[in-house]
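The data block below is data-v4.txt; it holds compact mmCIF, C-alpha atoms (C1' of nucleotides).
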```txt
# COMPACT_ATOMS: atom_id res chain seq x y z
CA MET A 1 162.46 98.87 104.35
CA HIS A 2 161.39 97.51 101.00
CA SER A 3 163.30 94.34 101.72
CA PRO A 4 164.38 92.87 98.40
CA LYS A 5 163.41 89.44 99.64
CA ARG A 6 159.90 90.62 100.36
CA MET A 7 159.56 92.16 96.91
CA LEU A 8 161.02 89.07 95.28
CA PHE A 9 158.60 86.86 97.13
CA LEU A 10 155.54 88.91 96.25
CA ASP A 11 156.69 89.00 92.66
CA LEU A 12 157.04 85.23 92.73
CA VAL A 13 153.57 84.83 94.18
CA LEU A 14 151.99 86.95 91.46
CA SER A 15 154.00 85.10 88.82
CA VAL A 16 152.77 81.77 90.13
CA PHE A 17 149.18 83.01 89.79
CA ARG A 18 149.93 84.04 86.23
CA LEU A 19 151.73 80.83 85.31
CA ASN A 20 148.94 78.77 86.82
CA GLY A 21 146.42 80.40 84.51
CA LEU A 22 148.62 79.90 81.48
CA LEU A 23 149.29 76.26 82.34
CA ILE A 24 145.56 75.58 82.65
CA ALA A 25 145.10 77.14 79.22
CA GLU A 26 147.91 74.95 77.86
CA GLY A 27 146.32 71.88 79.42
CA ASP A 28 142.94 72.72 77.95
CA THR A 29 144.48 73.16 74.50
CA MET A 30 146.31 69.85 74.74
CA THR A 31 143.27 67.95 75.97
CA ASP A 32 140.39 69.34 73.94
CA GLN A 33 141.16 67.03 71.02
CA LEU A 34 140.63 64.17 73.46
CA GLY A 35 137.34 65.29 74.95
CA LEU A 36 139.07 66.21 78.19
CA THR A 37 139.83 69.35 80.19
CA SER A 38 142.76 70.09 82.46
CA ALA A 39 140.63 69.40 85.52
CA ARG A 40 139.71 65.94 84.23
CA TRP A 41 143.29 65.33 83.18
CA LYS A 42 144.42 65.87 86.77
CA VAL A 43 141.90 63.32 88.04
CA ILE A 44 142.77 60.76 85.36
CA GLY A 45 146.46 61.23 86.09
CA VAL A 46 146.03 60.58 89.80
CA ILE A 47 143.95 57.46 89.21
CA ALA A 48 146.37 56.17 86.58
CA LEU A 49 149.25 56.46 89.04
CA SER A 50 147.43 54.40 91.66
CA ASN A 51 147.28 50.65 91.37
CA ALA A 52 144.03 49.58 92.95
CA GLY A 53 142.01 52.75 92.50
CA LEU A 54 141.36 55.57 94.90
CA THR A 55 138.34 56.91 96.72
CA VAL A 56 137.02 60.35 95.87
CA PRO A 57 138.35 61.92 99.08
CA GLY A 58 141.65 60.17 98.42
CA ILE A 59 141.98 61.81 95.01
CA ALA A 60 141.05 65.13 96.58
CA ARG A 61 143.82 64.77 99.15
CA VAL A 62 146.40 64.06 96.48
CA LEU A 63 145.30 67.07 94.45
CA GLY A 64 144.84 69.31 97.46
CA GLN A 65 141.26 70.04 96.51
CA SER A 66 137.92 69.62 98.22
CA ARG A 67 136.29 66.23 97.96
CA GLN A 68 133.14 67.89 96.64
CA ALA A 69 134.99 69.32 93.66
CA VAL A 70 136.47 65.92 92.83
CA GLN A 71 133.13 64.17 93.34
CA ARG A 72 131.52 66.47 90.79
CA LEU A 73 134.27 65.72 88.29
CA THR A 74 134.16 61.95 88.76
CA ASP A 75 130.38 61.98 88.42
CA VAL A 76 130.50 63.65 84.99
CA MET A 77 133.48 61.53 83.99
CA MET A 78 131.50 58.42 84.80
CA ALA A 79 128.63 59.74 82.70
CA ASP A 80 131.17 60.21 79.91
CA GLY A 81 132.48 56.67 80.35
CA LEU A 82 136.00 57.60 81.45
CA VAL A 83 135.82 56.16 84.95
CA GLN A 84 133.68 53.70 86.83
CA TYR A 85 132.95 53.06 90.49
CA GLN A 86 133.93 49.82 92.16
CA ALA A 87 133.00 48.37 95.55
CA ASN A 88 135.64 49.15 98.17
CA PRO A 89 136.47 46.24 100.47
CA LYS A 90 137.93 48.69 102.95
CA HIS A 91 134.90 50.90 103.23
CA LYS A 92 131.24 50.11 102.79
CA ARG A 93 130.15 53.52 101.51
CA SER A 94 133.24 55.03 99.92
CA VAL A 95 133.66 53.36 96.54
CA LEU A 96 136.86 53.20 94.50
CA VAL A 97 137.21 55.16 91.27
CA ILE A 98 138.96 53.24 88.48
CA LEU A 99 139.63 54.00 84.84
CA THR A 100 137.52 52.36 82.16
CA ASP A 101 139.21 51.21 78.96
CA ALA A 102 138.15 54.50 77.41
CA GLY A 103 139.72 56.30 80.36
CA LYS A 104 143.00 54.42 79.90
CA ASP A 105 142.93 55.20 76.18
CA ALA A 106 142.43 58.88 76.96
CA TYR A 107 145.33 58.80 79.40
CA HIS A 108 147.65 57.22 76.86
CA ALA A 109 146.55 59.57 74.10
CA LEU A 110 147.19 62.45 76.43
CA ARG A 111 150.69 61.25 77.19
CA ASP A 112 151.42 61.27 73.47
CA VAL A 113 150.67 64.99 73.44
CA GLN A 114 151.97 65.88 76.85
CA ASP A 115 155.43 64.37 76.69
CA PRO A 116 156.56 66.23 73.56
CA TRP A 117 155.04 69.37 75.08
CA ALA A 118 157.15 68.93 78.21
CA LEU A 119 160.33 68.35 76.24
CA ARG A 120 159.63 71.22 73.87
CA ASN A 121 159.24 73.66 76.73
CA THR A 122 162.37 72.68 78.60
CA ASP A 123 164.87 72.28 75.78
CA ASP A 124 166.52 75.62 76.50
CA ILE A 125 166.34 75.42 80.30
CA PRO A 126 169.23 73.96 82.31
CA ILE A 127 168.21 71.03 84.46
CA GLU A 128 169.74 72.69 87.51
CA GLU A 129 167.31 75.58 87.25
CA LEU A 130 164.37 73.22 87.02
CA GLU A 131 165.61 71.41 90.11
CA THR A 132 166.12 74.59 92.09
CA ALA A 133 162.70 75.91 91.17
CA LEU A 134 160.97 72.65 91.96
CA ARG A 135 162.73 72.43 95.31
CA LEU A 136 161.63 75.94 96.22
CA VAL A 137 158.04 75.40 95.12
CA ARG A 138 157.87 72.21 97.17
CA ARG A 139 159.30 74.02 100.15
CA LEU A 140 156.59 76.65 99.91
CA ILE A 141 153.93 73.99 99.52
CA GLN A 142 155.11 72.37 102.75
CA LYS A 143 154.96 75.71 104.49
CA PHE A 144 151.37 76.38 103.52
CA ASP A 145 149.95 72.87 103.56
CA LYS A 146 149.01 72.35 107.15
CA MET B 1 162.95 57.45 77.53
CA HIS B 2 161.66 58.87 80.75
CA SER B 3 163.81 61.91 80.26
CA PRO B 4 164.58 63.32 83.70
CA LYS B 5 163.91 66.79 82.38
CA ARG B 6 160.46 65.80 81.23
CA MET B 7 159.63 64.29 84.61
CA LEU B 8 161.03 67.30 86.42
CA PHE B 9 158.95 69.63 84.31
CA LEU B 10 155.70 67.73 84.81
CA ASP B 11 156.44 67.59 88.51
CA LEU B 12 156.97 71.33 88.49
CA VAL B 13 153.72 71.90 86.62
CA LEU B 14 151.73 69.87 89.14
CA SER B 15 153.49 71.64 92.00
CA VAL B 16 152.60 75.01 90.55
CA PHE B 17 148.94 73.95 90.47
CA ARG B 18 149.20 72.89 94.08
CA LEU B 19 151.04 76.00 95.22
CA ASN B 20 148.56 78.20 93.40
CA GLY B 21 145.69 76.70 95.38
CA LEU B 22 147.54 77.09 98.65
CA LEU B 23 148.48 80.69 97.89
CA ILE B 24 144.87 81.56 97.15
CA ALA B 25 143.90 80.02 100.47
CA GLU B 26 146.64 82.06 102.18
CA GLY B 27 145.40 85.20 100.46
CA ASP B 28 141.84 84.54 101.50
CA THR B 29 142.92 84.03 105.12
CA MET B 30 144.93 87.24 105.11
CA THR B 31 142.16 89.27 103.55
CA ASP B 32 138.99 88.04 105.17
CA GLN B 33 139.51 90.31 108.17
CA LEU B 34 139.41 93.20 105.72
CA GLY B 35 136.28 92.23 103.83
CA LEU B 36 138.35 91.23 100.83
CA THR B 37 139.20 88.07 98.92
CA SER B 38 142.33 87.18 97.00
CA ALA B 39 140.60 87.96 93.71
CA ARG B 40 139.71 91.46 94.89
CA TRP B 41 143.15 91.90 96.35
CA LYS B 42 144.66 91.31 92.92
CA VAL B 43 142.42 93.98 91.39
CA ILE B 44 143.09 96.49 94.15
CA GLY B 45 146.79 95.87 93.85
CA VAL B 46 146.84 96.53 90.12
CA ILE B 47 144.84 99.75 90.48
CA ALA B 48 146.98 100.94 93.39
CA LEU B 49 150.12 100.54 91.30
CA SER B 50 148.70 102.66 88.50
CA ASN B 51 148.67 106.40 88.79
CA ALA B 52 145.65 107.61 86.87
CA GLY B 53 143.47 104.54 87.04
CA LEU B 54 142.98 101.75 84.53
CA THR B 55 140.14 100.55 82.36
CA VAL B 56 138.62 97.16 83.02
CA PRO B 57 140.26 95.54 79.98
CA GLY B 58 143.53 97.16 81.05
CA ILE B 59 143.36 95.50 84.47
CA ALA B 60 142.50 92.22 82.77
CA ARG B 61 145.58 92.47 80.56
CA VAL B 62 147.85 93.06 83.54
CA LEU B 63 146.38 90.08 85.39
CA GLY B 64 146.18 87.88 82.32
CA GLN B 65 142.49 87.28 82.81
CA SER B 66 139.40 87.87 80.74
CA ARG B 67 137.90 91.34 80.84
CA GLN B 68 134.56 89.79 81.76
CA ALA B 69 135.96 88.28 84.95
CA VAL B 70 137.48 91.61 85.96
CA GLN B 71 134.29 93.49 85.06
CA ARG B 72 132.29 91.25 87.37
CA LEU B 73 134.77 91.89 90.20
CA THR B 74 134.88 95.66 89.75
CA ASP B 75 131.08 95.79 89.65
CA VAL B 76 130.72 94.11 93.04
CA MET B 77 133.67 96.09 94.41
CA MET B 78 131.92 99.28 93.38
CA ALA B 79 128.77 98.09 95.11
CA ASP B 80 130.94 97.52 98.20
CA GLY B 81 132.44 101.00 97.94
CA LEU B 82 136.02 99.91 97.24
CA VAL B 83 136.32 101.37 93.75
CA GLN B 84 134.51 103.91 91.64
CA TYR B 85 134.24 104.58 87.94
CA GLN B 86 135.52 107.80 86.41
CA ALA B 87 135.04 109.29 82.96
CA ASN B 88 137.93 108.42 80.66
CA PRO B 89 139.11 111.34 78.48
CA LYS B 90 140.75 108.83 76.16
CA HIS B 91 137.68 106.74 75.50
CA LYS B 92 134.00 107.59 75.47
CA ARG B 93 132.67 104.23 76.67
CA SER B 94 135.54 102.65 78.58
CA VAL B 95 135.64 104.28 82.01
CA LEU B 96 138.58 104.31 84.41
CA VAL B 97 138.48 102.32 87.63
CA ILE B 98 139.96 104.15 90.63
CA LEU B 99 140.16 103.36 94.34
CA THR B 100 137.83 105.10 96.75
CA ASP B 101 139.18 106.19 100.14
CA ALA B 102 137.81 102.94 101.53
CA GLY B 103 139.65 101.07 98.79
CA LYS B 104 142.91 102.80 99.64
CA ASP B 105 142.39 102.03 103.32
CA ALA B 106 141.83 98.38 102.48
CA TYR B 107 144.99 98.34 100.40
CA HIS B 108 147.08 99.82 103.20
CA ALA B 109 145.56 97.52 105.80
CA LEU B 110 146.35 94.61 103.56
CA ARG B 111 149.97 95.65 103.23
CA ASP B 112 150.25 95.60 107.02
CA VAL B 113 149.32 91.92 106.96
CA GLN B 114 150.98 90.96 103.72
CA ASP B 115 154.47 92.32 104.31
CA PRO B 116 155.12 90.40 107.54
CA TRP B 117 153.66 87.32 105.85
CA ALA B 118 156.12 87.66 102.98
CA LEU B 119 159.08 88.10 105.31
CA ARG B 120 157.97 85.26 107.58
CA ASN B 121 157.79 82.84 104.68
CA THR B 122 161.16 83.67 103.22
CA ASP B 123 163.33 83.98 106.30
CA ASP B 124 164.89 80.55 105.77
CA ILE B 125 165.17 80.75 101.98
CA PRO B 126 168.33 82.07 100.33
CA ILE B 127 167.71 85.03 98.09
CA GLU B 128 169.53 83.29 95.24
CA GLU B 129 166.95 80.51 95.20
CA LEU B 130 164.12 83.01 95.08
CA GLU B 131 165.80 84.75 92.16
CA THR B 132 166.39 81.53 90.25
CA ALA B 133 162.82 80.37 90.74
CA LEU B 134 161.36 83.72 89.76
CA ARG B 135 163.51 83.84 86.66
CA LEU B 136 162.36 80.39 85.61
CA VAL B 137 158.70 81.10 86.27
CA ARG B 138 158.93 84.28 84.22
CA ARG B 139 160.62 82.41 81.43
CA LEU B 140 157.79 79.90 81.33
CA ILE B 141 155.23 82.69 81.40
CA GLN B 142 156.87 84.24 78.34
CA LYS B 143 156.78 80.89 76.59
CA PHE B 144 153.07 80.40 77.12
CA ASP B 145 151.82 83.97 76.92
CA LYS B 146 151.39 84.52 73.24
C1' DA C 1 136.52 110.48 54.38
C1' DT C 2 135.76 105.70 54.26
C1' DG C 3 136.05 100.96 54.99
C1' DA C 4 138.19 97.26 57.47
C1' DC C 5 139.71 95.76 61.75
C1' DA C 6 140.36 95.86 66.76
C1' DA C 7 138.64 97.09 71.40
C1' DT C 8 134.91 97.54 74.54
C1' DG C 9 130.46 96.86 77.08
C1' DA C 10 126.76 93.92 78.03
C1' DC C 11 124.61 89.64 78.54
C1' DA C 12 124.46 84.56 78.79
C1' DA C 13 125.98 79.88 79.54
C1' DC C 14 129.17 77.02 81.53
C1' DA C 15 133.37 74.89 84.19
C1' DT C 16 135.96 74.79 88.24
C1' DA C 17 136.33 75.07 93.01
C1' DC C 18 135.16 76.48 97.85
C1' DT C 19 132.34 76.43 102.17
C1' DG C 20 128.60 74.92 105.14
C1' DG C 21 125.38 71.65 106.95
C1' DC C 22 123.46 67.17 107.88
C1' DA C 23 123.29 62.13 108.31
C1' DC C 24 125.65 57.90 108.41
C1' DA C 25 129.93 54.93 108.66
C1' DA C 26 134.40 53.91 110.46
C1' DC C 27 137.80 54.27 113.80
C1' DT C 28 139.98 55.05 118.55
C1' DA C 29 140.23 55.14 123.36
C1' DC C 30 138.49 53.84 127.40
C1' DG D 1 130.75 47.78 124.28
C1' DT D 2 130.27 52.73 124.29
C1' DA D 3 131.40 57.47 123.63
C1' DG D 4 133.82 60.72 121.07
C1' DT D 5 136.14 61.82 116.94
C1' DT D 6 137.01 61.54 112.22
C1' DG D 7 135.76 60.32 107.45
C1' DT D 8 132.34 60.14 103.91
C1' DG D 9 128.12 61.00 100.83
C1' DC D 10 124.95 64.27 99.56
C1' DC D 11 122.80 68.71 98.88
C1' DA D 12 122.94 73.66 98.56
C1' DG D 13 124.91 78.17 97.94
C1' DT D 14 128.57 81.05 96.44
C1' DA D 15 133.00 82.83 94.20
C1' DT D 16 136.06 82.85 90.42
C1' DG D 17 136.94 82.47 85.83
C1' DT D 18 136.17 80.92 80.90
C1' DT D 19 134.00 81.19 76.26
C1' DG D 20 130.62 82.96 73.00
C1' DT D 21 127.72 86.55 70.85
C1' DC D 22 126.30 91.03 69.46
C1' DA D 23 126.18 95.99 69.11
C1' DT D 24 128.89 99.97 69.51
C1' DT D 25 133.15 102.68 69.64
C1' DG D 26 137.97 103.58 68.25
C1' DT D 27 141.82 103.21 65.23
C1' DC D 28 144.32 102.93 61.13
C1' DA D 29 145.51 102.34 56.26
C1' DT D 30 144.12 103.85 52.04
```
As structure tokens - that is how I would like this structure written.
Amino acid sequence: MHSPKRMLFLDLVLSVFRLNGLLIAEGDTMTDQLGLTSARWKVIGVIALSNAGLTVPGIARVLGQSRQAVQRLTDVMMADGLVQYQANPKHKRSVLVILTDAGKDAYHALRDVQDPWALRNTDDIPIEELETALRLVRRLIQKFDK
Amino acid sequence: MHSPKRMLFLDLVLSVFRLNGLLIAEGDTMTDQLGLTSARWKVIGVIALSNAGLTVPGIARVLGQSRQAVQRLTDVMMADGLVQYQANPKHKRSVLVILTDAGKDAYHALRDVQDPWALRNTDDIPIEELETALRLVRRLIQKFDK
DNA sequence: ATGACAATGACAACATACTGGCACAACTAC
DNA sequence: GTAGTTGTGCCAGTATGTTGTCATTGTCAT
């Protein structure tokens, strides 16, 4: 009864909800000087990490989101000049999304803010704790991502 | 350069985003038999843990969300008969939100699904790892919640 | 008491994300 | 090749949550 593991887990779940909201707020604060939002930052980050560009459903799979949500984001980001669409030799209809020069500039400007932020928020946390937490979070992701 | 801590932290941040989405999906799956959603489950849970009921801004503070978001939820939950509003002796305008009998039933039914789910998903995870991860997540929450 | 400040309700606009449905393209198996 | 399955684009509807604004209520220092 009242298994401590069960309580711990539910507590962790609620804390993840809470942390998620706070991280989005942090991301929005970091990006609003750059004309971005945390949602757009995620998309730019995924594209920047790919070499030859990704399709919209491909980005969605990496982020674990619906392709419709990503499509909406890339459409407005194209209107804002951050990304552009490019013919995909592998697929007649599904174009590749690539960063424009403005998109690359935004990504680099963001890194200049994000990297000090990451260091600032981990300076008093032992690396072993970060590793343990990341391992556990990944384990849970695997459990639920089917 | 490329501080391992910095990379670990960014990896953890992205993983928290991912896990958050998966947990919401899990919550929706668990609750849709009960006519609930994960957002309503959060509200019901907070009210159930309070003794005399909470005001809408009070629930919002516990959840770390805007009072407007919670107000919208409680309004539709009242229309669905899960909660009701009660005069607040402490405040003329800000009423208390309390569970109806149907709301309490939903909460108990949810526990019957949620508790086995929590145990099932932690049976192969050492309790020490859960504790370490929870401690770290809470630490980050404190950092960002100001 | 009063005057300044914070909390609340109400309304509006917007951003993010999901699901469903339909048509077409691409792939796989036979 | 053809049939069946999967992937994709597009459109629509809905849920969740944010910010902003304004009037009103509560609180607190003086």
### Task
Residues of chain D no more than 12 Å from chain B, counting all atoms listed in the file: send them over as a ChimeraX atom specification.
/D:15-20,24-27
### From C:DC22, C:DA29, C:DC5, C:DA17, residue lying nearest chain A [all atoms listed in the file]
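Under the stated criterion, the closest residue is C:DA17.
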### Query
Got a sec: who's within 12 Å of DC27 of chain C, counting all atoms listed in the file, leaving out chain neighbours fewer than 3 positions off, as number ranges by chain?
A: 91; D: 4-7
Could I get the residues of chain C with an atom no further than 8 Å from an atom of chain A, each paired with its nearest atom pair and that distance in Å to one decimal, using all atoms listed in the file, sorted by chain and residue number, as CSV?
```
residue,atom,partner,partner_atom,distance
C:DT16,C1',A:Ala39,CA,7.6
C:DA17,C1',A:Ala69,CA,5.9
C:DC18,C1',A:Ser66,CA,7.4
C:DA25,C1',A:Arg93,CA,7.3
C:DA26,C1',A:His91,CA,7.8
```
Rows by chain and residue number, chain A within 8 Å of chain B, shortest pair, only C-alpha atoms, as a tab-separated table:
```
residue	atom	partner	partner_atom	distance
A:Lys5	CA	B:Ile127	CA	6.4
A:Arg6	CA	B:Ala118	CA	5.5
A:Leu8	CA	B:Leu130	CA	6.8
A:Phe9	CA	B:Ala118	CA	6.4
A:Leu10	CA	B:Ala118	CA	6.9
A:Asp11	CA	B:Leu134	CA	7.6
A:Leu12	CA	B:Leu134	CA	5.5
A:Val13	CA	B:Leu23	CA	7.5
A:Ser15	CA	B:Val137	CA	6.7
A:Val16	CA	B:Asn20	CA	6.4
A:Phe17	CA	B:Asn20	CA	6.0
A:Arg18	CA	B:Gly64	CA	6.6
A:Leu19	CA	B:Ile141	CA	5.6
A:Asn20	CA	B:Phe17	CA	6.0
A:Gly21	CA	B:Gly64	CA	7.8
A:Leu22	CA	B:Phe144	CA	6.2
A:Leu23	CA	B:Val13	CA	7.5
A:Glu26	CA	B:Phe144	CA	7.5
A:Leu63	CA	B:Arg18	CA	7.0
A:Gly64	CA	B:Arg18	CA	6.6
A:Asp115	CA	B:Arg6	CA	6.9
A:Ala118	CA	B:Arg6	CA	5.5
A:Leu119	CA	B:Arg6	CA	5.6
A:Asn121	CA	B:Lys143	CA	7.6
A:Thr122	CA	B:Lys5	CA	7.2
A:Ile127	CA	B:Lys5	CA	6.4
A:Glu129	CA	B:Thr132	CA	6.7
A:Leu130	CA	B:Leu8	CA	6.8
A:Glu131	CA	B:Leu8	CA	7.2
A:Thr132	CA	B:Glu129	CA	6.7
A:Ala133	CA	B:Ala133	CA	4.5
A:Leu134	CA	B:Leu12	CA	5.5
A:Leu136	CA	B:Glu129	CA	7.1
A:Val137	CA	B:Ser15	CA	6.7
A:Arg138	CA	B:Ser15	CA	6.8
A:Leu140	CA	B:Leu19	CA	7.3
A:Ile141	CA	B:Leu19	CA	5.6
A:Lys143	CA	B:Asn121	CA	7.7
A:Phe144	CA	B:Leu22	CA	6.2
A:Asp145	CA	B:Leu22	CA	6.9
```
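Here atom CA of Gly53 of chain A stands at a distance of 28.8 Å from atom C1' of DG20 of chain C.
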### Message
For a test of reading the model, state the distance in Å between atom C1' of DC28 of chain D and atom CA of Asn88 of chain B, rounded to one decimal.
### Response
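Separation of atom C1' of DC28 of chain D and atom CA of Asn88 of chain B: 21.3 Å.
Residue nearest Thr74 of chain A, chosen from A:Val113, A:Ala102, A:Ala60, A:Ala52 and counting all atoms listed in the file: A:Ala60.
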#### Entry: Residues within 12 Å of (145.9, 106.9, 58.3), file coords, all atoms listed in the file, listed as a PyMOL selection string
(chain C and resi 1-3) or (chain D and resi 27-30)
Take the structure in the block and write a file for segment 7-28 of chain C, N, CA and C atoms (P, O5', C5', C4', C3', O3' and C1' of nucleotides), as a short mmCIF file (atom, residue, chain, number, x, y, z; two decimals), in the first residue's frame.
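Full text of out-v5.cif as output:
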```
data_model
loop_
_atom_site.label_atom_id
_atom_site.label_comp_id
_atom_site.auth_asym_id
_atom_site.auth_seq_id
_atom_site.Cartn_x
_atom_site.Cartn_y
_atom_site.Cartn_z
P DA C 7 -0.18 39.60 -5.47
"O5'" DA C 7 -1.76 39.42 -5.56
"C5'" DA C 7 -2.51 39.32 -4.36
"C4'" DA C 7 -3.96 39.01 -4.69
"C3'" DA C 7 -4.17 37.88 -5.69
"O3'" DA C 7 -5.24 37.08 -5.21
"C1'" DA C 7 -5.22 39.84 -6.48
P DT C 8 -5.68 35.76 -5.91
"O5'" DT C 8 -6.91 36.23 -6.80
"C5'" DT C 8 -8.07 36.70 -6.14
"C4'" DT C 8 -9.07 37.21 -7.15
"C3'" DT C 8 -9.39 36.25 -8.29
"O3'" DT C 8 -10.70 35.74 -8.10
"C1'" DT C 8 -9.19 38.52 -9.02
P DG C 9 -11.32 34.69 -9.11
"O5'" DG C 9 -12.12 35.61 -10.13
"C5'" DG C 9 -13.14 36.44 -9.65
"C4'" DG C 9 -13.81 37.18 -10.79
"C3'" DG C 9 -14.23 36.31 -11.98
"O3'" DG C 9 -15.51 36.74 -12.40
"C1'" DG C 9 -12.78 38.04 -12.72
P DA C 10 -16.31 35.95 -13.49
"O5'" DA C 10 -16.04 36.78 -14.81
"C5'" DA C 10 -16.33 38.17 -14.83
"C4'" DA C 10 -15.90 38.75 -16.16
"C3'" DA C 10 -16.12 37.81 -17.36
"O3'" DA C 10 -16.87 38.49 -18.34
"C1'" DA C 10 -13.92 38.69 -17.35
P DC C 11 -17.49 37.71 -19.57
"O5'" DC C 11 -16.56 38.18 -20.77
"C5'" DC C 11 -16.36 39.57 -20.98
"C4'" DC C 11 -15.15 39.79 -21.86
"C3'" DC C 11 -15.11 38.89 -23.11
"O3'" DC C 11 -15.27 39.71 -24.25
"C1'" DC C 11 -12.97 39.11 -22.06
P DA C 12 -15.35 39.04 -25.73
"O5'" DA C 12 -13.87 39.23 -26.27
"C5'" DA C 12 -13.22 40.48 -26.07
"C4'" DA C 12 -11.78 40.39 -26.58
"C3'" DA C 12 -11.62 39.55 -27.84
"O3'" DA C 12 -11.00 40.33 -28.85
"C1'" DA C 12 -10.02 38.94 -26.20
P DA C 13 -10.90 39.77 -30.35
"O5'" DA C 13 -9.36 39.39 -30.50
"C5'" DA C 13 -8.38 40.32 -30.05
"C4'" DA C 13 -7.02 39.65 -30.02
"C3'" DA C 13 -6.75 38.75 -31.24
"O3'" DA C 13 -5.51 39.14 -31.82
"C1'" DA C 13 -6.28 37.61 -29.21
P DC C 14 -5.02 38.46 -33.18
"O5'" DC C 14 -3.96 37.36 -32.69
"C5'" DC C 14 -2.98 37.73 -31.72
"C4'" DC C 14 -2.35 36.50 -31.11
"C3'" DC C 14 -1.89 35.44 -32.12
"O3'" DC C 14 -0.47 35.44 -32.11
"C1'" DC C 14 -2.88 34.48 -30.16
P DA C 15 0.35 34.50 -33.15
"O5'" DA C 15 0.83 33.28 -32.24
"C5'" DA C 15 1.51 33.54 -31.03
"C4'" DA C 15 1.91 32.23 -30.38
"C3'" DA C 15 2.44 31.17 -31.35
"O3'" DA C 15 3.58 30.56 -30.76
"C1'" DA C 15 0.58 30.31 -30.13
P DT C 16 4.42 29.46 -31.53
"O5'" DT C 16 3.83 28.09 -30.96
"C5'" DT C 16 3.91 27.84 -29.56
"C4'" DT C 16 3.16 26.57 -29.22
"C3'" DT C 16 3.52 25.36 -30.09
"O3'" DT C 16 4.03 24.36 -29.24
"C1'" DT C 16 1.18 25.56 -29.78
P DA C 17 4.76 23.07 -29.88
"O5'" DA C 17 3.57 22.05 -30.14
"C5'" DA C 17 2.97 21.39 -29.04
"C4'" DA C 17 1.66 20.77 -29.45
"C3'" DA C 17 1.73 19.78 -30.61
"O3'" DA C 17 1.76 18.45 -30.11
"C1'" DA C 17 -0.29 21.06 -30.57
P DC C 18 1.70 17.20 -31.13
"O5'" DC C 18 0.16 16.78 -31.05
"C5'" DC C 18 -0.42 16.55 -29.78
"C4'" DC C 18 -1.91 16.24 -29.95
"C3'" DC C 18 -2.18 15.19 -31.03
"O3'" DC C 18 -2.59 13.96 -30.43
"C1'" DC C 18 -3.56 17.14 -31.35
P DT C 19 -2.77 12.68 -31.37
"O5'" DT C 19 -4.22 12.89 -32.03
"C5'" DT C 19 -5.37 12.97 -31.22
"C4'" DT C 19 -6.59 13.20 -32.09
"C3'" DT C 19 -6.77 12.15 -33.19
"O3'" DT C 19 -7.99 11.48 -32.98
"C1'" DT C 19 -6.96 14.37 -34.07
P DG C 20 -8.37 10.22 -33.95
"O5'" DG C 20 -9.12 10.91 -35.17
"C5'" DG C 20 -10.14 11.85 -34.92
"C4'" DG C 20 -10.74 12.32 -36.24
"C3'" DG C 20 -10.76 11.25 -37.34
"O3'" DG C 20 -12.04 11.26 -37.96
"C1'" DG C 20 -9.66 13.20 -38.12
P DG C 21 -12.44 10.09 -38.98
"O5'" DG C 21 -12.36 10.82 -40.39
"C5'" DG C 21 -12.92 12.11 -40.53
"C4'" DG C 21 -12.60 12.66 -41.91
"C3'" DG C 21 -12.52 11.58 -42.99
"O3'" DG C 21 -13.22 12.04 -44.14
"C1'" DG C 21 -10.54 12.88 -42.96
P DC C 22 -13.64 10.99 -45.29
"O5'" DC C 22 -12.85 11.51 -46.57
"C5'" DC C 22 -12.86 12.90 -46.87
"C4'" DC C 22 -11.71 13.22 -47.80
"C3'" DC C 22 -11.45 12.15 -48.86
"O3'" DC C 22 -11.48 12.74 -50.14
"C1'" DC C 22 -9.44 12.81 -47.80
P DA C 23 -11.58 11.82 -51.46
"O5'" DA C 23 -10.23 12.18 -52.22
"C5'" DA C 23 -9.88 13.55 -52.42
"C4'" DA C 23 -8.42 13.65 -52.80
"C3'" DA C 23 -7.98 12.65 -53.88
"O3'" DA C 23 -7.23 13.32 -54.88
"C1'" DA C 23 -6.58 12.48 -51.97
P DC C 24 -6.81 12.56 -56.22
"O5'" DC C 24 -5.24 12.39 -56.03
"C5'" DC C 24 -4.47 13.56 -55.76
"C4'" DC C 24 -3.09 13.15 -55.28
"C3'" DC C 24 -2.36 12.18 -56.21
"O3'" DC C 24 -1.08 12.71 -56.47
"C1'" DC C 24 -2.31 11.40 -53.98
P DA C 25 -0.10 11.99 -57.55
"O5'" DA C 25 1.05 11.43 -56.60
"C5'" DA C 25 1.63 12.31 -55.66
"C4'" DA C 25 2.67 11.58 -54.84
"C3'" DA C 25 3.61 10.69 -55.63
"O3'" DA C 25 4.91 10.90 -55.12
"C1'" DA C 25 2.51 9.41 -53.97
P DA C 26 6.19 10.20 -55.82
"O5'" DA C 26 6.46 8.98 -54.84
"C5'" DA C 26 6.73 9.23 -53.47
"C4'" DA C 26 6.88 7.93 -52.71
"C3'" DA C 26 7.80 6.91 -53.39
"O3'" DA C 26 8.85 6.61 -52.49
"C1'" DA C 26 5.75 5.92 -52.70
P DC C 27 9.96 5.51 -52.86
"O5'" DC C 27 9.40 4.19 -52.15
"C5'" DC C 27 9.03 4.24 -50.78
"C4'" DC C 27 8.38 2.93 -50.36
"C3'" DC C 27 9.16 1.68 -50.78
"O3'" DC C 27 9.35 0.87 -49.65
"C1'" DC C 27 6.87 1.47 -51.35
P DT C 28 10.39 -0.42 -49.74
"O5'" DT C 28 9.52 -1.57 -49.09
"C5'" DT C 28 8.12 -1.41 -48.98
"C4'" DT C 28 7.43 -2.74 -48.84
"C3'" DT C 28 8.26 -3.96 -49.24
"O3'" DT C 28 7.89 -5.05 -48.42
"C1'" DT C 28 6.41 -3.75 -50.71
#
```
